[in-house]
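Coordinates from protein.cif are shown below (mmCIF, C-alpha atoms).
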```cif
data_start
#
loop_
_atom_site.label_atom_id
_atom_site.label_comp_id
_atom_site.auth_asym_id
_atom_site.auth_seq_id
_atom_site.Cartn_x
_atom_site.Cartn_y
_atom_site.Cartn_z
CA MET A 1 -0.69 11.40 -28.53
CA PRO A 2 2.19 11.18 -26.06
CA PRO A 3 1.59 11.17 -22.31
CA VAL A 4 1.60 14.59 -20.66
CA VAL A 5 3.51 15.98 -17.69
CA ILE A 6 2.06 19.16 -16.19
CA PHE A 7 4.45 21.82 -14.90
CA ALA A 8 3.29 23.49 -11.65
CA LEU A 9 1.47 22.41 -8.52
CA SER A 10 -1.48 24.76 -8.39
CA HIS A 11 -5.21 25.12 -8.94
CA LEU A 12 -4.52 25.94 -12.59
CA SER A 13 -2.44 22.77 -13.06
CA ALA A 14 -5.20 20.69 -11.44
CA LEU A 15 -7.66 22.24 -13.92
CA ALA A 16 -5.30 21.41 -16.80
CA ALA A 17 -5.08 17.77 -15.64
CA PHE A 18 -8.86 17.52 -15.36
CA SER A 19 -9.42 19.04 -18.82
CA LEU A 20 -6.74 16.96 -20.53
CA LYS A 21 -8.08 13.75 -18.99
CA GLY A 22 -11.61 14.67 -20.10
CA ALA A 23 -10.30 15.01 -23.65
CA GLY A 24 -8.73 11.55 -23.53
CA ARG A 25 -5.13 12.61 -22.87
CA SER A 26 -2.99 10.70 -20.39
CA VAL A 27 -1.52 12.92 -17.65
CA VAL A 28 1.23 10.85 -16.02
CA ALA A 29 2.90 13.26 -13.59
CA PHE A 30 3.43 16.81 -12.36
CA THR A 31 6.73 18.65 -12.16
CA ASP A 32 8.01 21.97 -10.85
CA PHE A 33 11.26 23.63 -9.90
CA ASP A 34 12.92 21.49 -7.25
CA PRO A 35 12.30 23.82 -4.26
CA PHE A 36 8.53 23.71 -4.94
CA CYS A 37 8.30 19.91 -5.04
CA ASP A 38 7.38 19.54 -1.39
CA ARG A 39 5.22 16.42 -1.83
CA ASP A 40 5.37 13.06 -3.62
CA PHE A 41 1.89 13.24 -5.18
CA PHE A 42 -0.46 15.91 -6.50
CA GLU A 43 -3.94 15.13 -7.88
CA ASP A 44 -3.15 11.40 -7.45
CA ARG A 45 -0.13 11.58 -9.75
CA ARG A 46 3.59 11.55 -9.04
CA VAL A 47 5.45 14.80 -8.49
CA ILE A 48 8.89 14.68 -10.09
CA PRO A 49 11.36 17.53 -9.44
CA LEU A 50 12.37 19.22 -12.70
CA SER A 51 16.03 18.22 -12.20
CA MET A 52 14.98 14.54 -12.31
CA LEU A 53 12.27 14.74 -14.97
CA ALA A 54 14.30 13.80 -18.06
CA ALA A 55 15.79 10.75 -16.33
CA GLU A 56 12.36 9.46 -15.25
CA LEU A 57 10.13 10.55 -18.14
CA PRO A 58 12.24 11.01 -21.32
CA PRO A 59 11.48 14.03 -23.50
CA ASP A 60 11.23 11.91 -26.64
CA ASP A 61 8.22 10.12 -25.15
CA HIS A 62 6.39 12.91 -23.26
CA GLU A 63 4.92 16.38 -23.72
CA VAL A 64 4.85 19.06 -21.04
CA VAL A 65 2.04 21.52 -20.44
CA VAL A 66 3.02 24.60 -18.40
CA ALA A 67 0.05 25.50 -16.18
CA MET A 68 1.40 28.21 -13.90
CA GLY A 69 -0.48 30.67 -11.71
CA PHE A 70 -0.74 34.42 -12.10
CA ARG A 71 2.07 36.10 -10.15
CA ARG A 72 4.78 37.09 -12.69
CA MET A 73 3.02 34.59 -14.93
CA ASN A 74 4.19 35.75 -18.36
CA GLN A 75 7.84 36.08 -17.37
CA LEU A 76 7.91 32.79 -15.45
CA ARG A 77 6.00 31.01 -18.20
CA ARG A 78 8.44 32.23 -20.88
CA GLU A 79 11.47 31.18 -18.78
CA THR A 80 9.93 27.80 -17.94
CA CYS A 81 9.00 27.04 -21.54
CA SER A 82 12.53 27.91 -22.69
CA ARG A 83 14.07 25.73 -19.99
CA LEU A 84 11.87 22.74 -20.90
CA GLU A 85 12.67 23.13 -24.60
CA VAL A 86 16.40 23.16 -23.79
CA LEU A 87 15.83 19.84 -21.99
CA GLY A 88 14.33 18.51 -25.24
CA TYR A 89 10.61 18.47 -24.39
CA ARG A 90 7.88 19.29 -26.90
CA LEU A 91 5.40 21.66 -25.34
CA GLY A 92 1.93 20.17 -25.66
CA SER A 93 -1.27 21.92 -26.67
CA PHE A 94 -4.90 21.40 -25.76
CA ILE A 95 -8.08 22.76 -27.31
CA SER A 96 -11.19 21.76 -25.37
CA PRO A 97 -13.78 19.92 -27.42
CA ASN A 98 -16.22 22.40 -25.82
CA ALA A 99 -14.47 25.42 -27.35
CA ARG A 100 -15.50 26.90 -30.70
CA VAL A 101 -12.52 27.37 -32.99
CA TRP A 102 -12.90 28.22 -36.66
CA SER A 103 -11.85 25.51 -39.11
CA GLY A 104 -8.94 27.47 -40.62
CA PHE A 105 -7.27 28.23 -37.29
CA GLN A 106 -3.53 27.54 -37.22
CA SER A 107 -2.61 26.41 -33.71
CA PRO A 108 0.70 27.75 -32.42
CA GLN A 109 3.04 25.84 -30.13
CA HIS A 110 1.88 25.19 -26.56
CA LEU A 111 -1.64 26.59 -26.69
CA MET A 112 -4.25 25.85 -24.03
CA ILE A 113 -7.87 26.72 -24.89
CA TYR A 114 -10.46 25.86 -22.24
CA GLU A 115 -14.20 25.19 -22.54
CA GLY A 116 -16.61 27.85 -23.71
CA THR A 117 -13.89 29.84 -25.47
CA ILE A 118 -14.60 31.19 -28.95
CA VAL A 119 -11.78 31.78 -31.42
CA GLN A 120 -13.24 33.65 -34.38
CA PRO A 121 -12.05 33.56 -38.01
CA PHE A 122 -8.70 35.17 -38.82
CA VAL A 123 -7.55 35.31 -35.17
CA GLU A 124 -3.83 34.72 -34.66
CA ILE A 125 -2.52 33.57 -31.29
CA GLY A 126 1.15 33.40 -30.30
CA ASN A 127 3.09 30.52 -28.75
CA ASN A 128 2.73 29.59 -25.06
CA VAL A 129 -0.72 31.14 -24.56
CA THR A 130 -3.55 30.05 -22.24
CA LEU A 131 -7.15 31.11 -22.94
CA ARG A 132 -9.29 30.38 -19.88
CA ALA A 133 -12.96 29.41 -20.02
CA ASN A 134 -15.53 31.61 -21.78
CA VAL A 135 -13.12 33.96 -23.54
CA ASN A 136 -13.76 35.46 -26.98
#
```

Take the structure in the file and give it back as structure tokens.
Amino acid sequence: MPPVVIFALSHLSALAAFSLKGAGRSVVAFTDFDPFCDRDFFEDRRVIPLSMLAAELPPDDHEVVVAMGFRRMNQLRRETCSRLEVLGYRLGSFISPNARVWSGFQSPQHLMIYEGTIVQPFVEIGNNVTLRANVN
């Protein structure tokens, strides 16, 4: 599995880093739109402005997980995912080992499922979706 960069500097992105690490994934950095990169480190990892991301962590070697907050979340998430794909990044997915997902589930692109979540048989989920803890 390629190393992961997490987009956003928020509580939700810290949770994503914690969960990915717990599942054995390597989170190597955080990124955000340049004006929001007001520090060099977040959660003990480098913060790389989006304009510099491809030069420092090439898209062929890294995945990005978009872990944005709630204000205008769906619109911003859609725009961010599109922008990262244009830069050539694969959008990574994560399904917590503590979630219950039926064996025939077809995972879409860039899906985040946190612990305690239950995905029942025949459920279909679209691309770029986050299911927080304890959701059915």

Where does the PyMOL selection byres ((chain A and resi 5) around 12) land in this file, that is, which residues does it pick, as a ChimeraX atom specification?
/A:2-4,6-9,13-14,16-17,20-21,25-32,42,45-50,53-54,56-59,61-67,84,89-93

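When only C-alpha atoms are used to compute distances to Gly22 in chain A, the closest of the residues A:Asn128, A:Gln106, A:Ser82, A:Asn98 turns out to be A:Asn98.
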
When you look at Leu111 in chain A with a cut-off of 8 Å (counting all atoms listed in the file), what residues show up, excluding the ones that are within fewer than 3 positions of it in the same chain? I need them as a ChimeraX atom specification.
/A:92-95,107-108,127-130

Taking (14.4, 21.0, -8.5) in the coordinates of the supplied file, I want to know which residues reach to within 8 Å of it, counting all atoms listed in the file; could you give the answer as a VMD selection string?
chain A and resid 32 to 37 49 to 52

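Distance-wise, CA of Val135 in chain A and CA of Ile113 in chain A end up 9.0 Å apart.
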
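Comparing A:Gly24, A:Gly104, A:Pro97, A:Gly88 by their smallest distance to Val123 in chain A, the closest is A:Gly104 (using all atoms listed in the file).
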
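Separating CA of Ser10 in chain A from CA of Glu43 in chain A is a distance of 10.0 Å.
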
Generate N, CA and C atoms for range 8-30 of chain A and emit them as a PDB file, keeping the file's coordinate frame.
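Output file rebuild32.pdb is given in full below:
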```
ATOM      1  N   ALA A   8       3.843  22.655 -12.718  1.00  0.00           N
ATOM      2  CA  ALA A   8       3.290  23.490 -11.650  1.00  0.00           C
ATOM      3  C   ALA A   8       2.388  22.646 -10.757  1.00  0.00           C
ATOM      4  N   LEU A   9       2.311  23.063  -9.531  1.00  0.00           N
ATOM      5  CA  LEU A   9       1.470  22.410  -8.520  1.00  0.00           C
ATOM      6  C   LEU A   9       0.518  23.457  -7.993  1.00  0.00           C
ATOM      7  N   SER A  10      -0.569  23.675  -8.722  1.00  0.00           N
ATOM      8  CA  SER A  10      -1.480  24.760  -8.390  1.00  0.00           C
ATOM      9  C   SER A  10      -2.894  24.399  -8.818  1.00  0.00           C
ATOM     10  N   HIS A  11      -3.825  25.292  -8.497  1.00  0.00           N
ATOM     11  CA  HIS A  11      -5.210  25.120  -8.940  1.00  0.00           C
ATOM     12  C   HIS A  11      -5.271  25.059 -10.467  1.00  0.00           C
ATOM     13  N   LEU A  12      -4.508  25.906 -11.136  1.00  0.00           N
ATOM     14  CA  LEU A  12      -4.520  25.940 -12.590  1.00  0.00           C
ATOM     15  C   LEU A  12      -3.975  24.637 -13.184  1.00  0.00           C
ATOM     16  N   SER A  13      -2.968  24.039 -12.550  1.00  0.00           N
ATOM     17  CA  SER A  13      -2.440  22.770 -13.060  1.00  0.00           C
ATOM     18  C   SER A  13      -3.417  21.635 -12.801  1.00  0.00           C
ATOM     19  N   ALA A  14      -4.159  21.691 -11.691  1.00  0.00           N
ATOM     20  CA  ALA A  14      -5.200  20.690 -11.440  1.00  0.00           C
ATOM     21  C   ALA A  14      -6.297  20.798 -12.499  1.00  0.00           C
ATOM     22  N   LEU A  15      -6.667  22.023 -12.868  1.00  0.00           N
ATOM     23  CA  LEU A  15      -7.660  22.240 -13.920  1.00  0.00           C
ATOM     24  C   LEU A  15      -7.145  21.692 -15.254  1.00  0.00           C
ATOM     25  N   ALA A  16      -5.877  21.925 -15.555  1.00  0.00           N
ATOM     26  CA  ALA A  16      -5.300  21.410 -16.800  1.00  0.00           C
ATOM     27  C   ALA A  16      -5.369  19.884 -16.824  1.00  0.00           C
ATOM     28  N   ALA A  17      -5.025  19.235 -15.707  1.00  0.00           N
ATOM     29  CA  ALA A  17      -5.080  17.770 -15.640  1.00  0.00           C
ATOM     30  C   ALA A  17      -6.503  17.264 -15.857  1.00  0.00           C
ATOM     31  N   PHE A  18      -7.463  17.900 -15.220  1.00  0.00           N
ATOM     32  CA  PHE A  18      -8.860  17.520 -15.360  1.00  0.00           C
ATOM     33  C   PHE A  18      -9.321  17.663 -16.817  1.00  0.00           C
ATOM     34  N   SER A  19      -8.988  18.774 -17.441  1.00  0.00           N
ATOM     35  CA  SER A  19      -9.420  19.040 -18.820  1.00  0.00           C
ATOM     36  C   SER A  19      -8.741  18.099 -19.810  1.00  0.00           C
ATOM     37  N   LEU A  20      -7.453  17.868 -19.633  1.00  0.00           N
ATOM     38  CA  LEU A  20      -6.740  16.960 -20.530  1.00  0.00           C
ATOM     39  C   LEU A  20      -7.282  15.539 -20.413  1.00  0.00           C
ATOM     40  N   LYS A  21      -7.521  15.092 -19.195  1.00  0.00           N
ATOM     41  CA  LYS A  21      -8.080  13.750 -18.990  1.00  0.00           C
ATOM     42  C   LYS A  21      -9.449  13.641 -19.645  1.00  0.00           C
ATOM     43  N   GLY A  22     -10.283  14.673 -19.494  1.00  0.00           N
ATOM     44  CA  GLY A  22     -11.610  14.670 -20.100  1.00  0.00           C
ATOM     45  C   GLY A  22     -11.576  14.612 -21.621  1.00  0.00           C
ATOM     46  N   ALA A  23     -10.459  15.044 -22.198  1.00  0.00           N
ATOM     47  CA  ALA A  23     -10.300  15.010 -23.650  1.00  0.00           C
ATOM     48  C   ALA A  23      -9.561  13.751 -24.108  1.00  0.00           C
ATOM     49  N   GLY A  24      -9.352  12.818 -23.172  1.00  0.00           N
ATOM     50  CA  GLY A  24      -8.730  11.550 -23.530  1.00  0.00           C
ATOM     51  C   GLY A  24      -7.210  11.532 -23.495  1.00  0.00           C
ATOM     52  N   ARG A  25      -6.590  12.576 -22.974  1.00  0.00           N
ATOM     53  CA  ARG A  25      -5.130  12.610 -22.870  1.00  0.00           C
ATOM     54  C   ARG A  25      -4.694  11.969 -21.557  1.00  0.00           C
ATOM     55  N   SER A  26      -3.542  11.358 -21.563  1.00  0.00           N
ATOM     56  CA  SER A  26      -2.990  10.700 -20.390  1.00  0.00           C
ATOM     57  C   SER A  26      -2.019  11.643 -19.680  1.00  0.00           C
ATOM     58  N   VAL A  27      -2.400  12.082 -18.479  1.00  0.00           N
ATOM     59  CA  VAL A  27      -1.520  12.920 -17.650  1.00  0.00           C
ATOM     60  C   VAL A  27      -0.826  11.983 -16.677  1.00  0.00           C
ATOM     61  N   VAL A  28       0.506  11.861 -16.790  1.00  0.00           N
ATOM     62  CA  VAL A  28       1.230  10.850 -16.020  1.00  0.00           C
ATOM     63  C   VAL A  28       1.924  11.399 -14.783  1.00  0.00           C
ATOM     64  N   ALA A  29       2.172  12.708 -14.738  1.00  0.00           N
ATOM     65  CA  ALA A  29       2.900  13.260 -13.590  1.00  0.00           C
ATOM     66  C   ALA A  29       2.805  14.781 -13.602  1.00  0.00           C
ATOM     67  N   PHE A  30       3.255  15.360 -12.488  1.00  0.00           N
ATOM     68  CA  PHE A  30       3.430  16.810 -12.360  1.00  0.00           C
ATOM     69  C   PHE A  30       4.902  17.069 -12.084  1.00  0.00           C
TER      70      PHE A  30
END
```
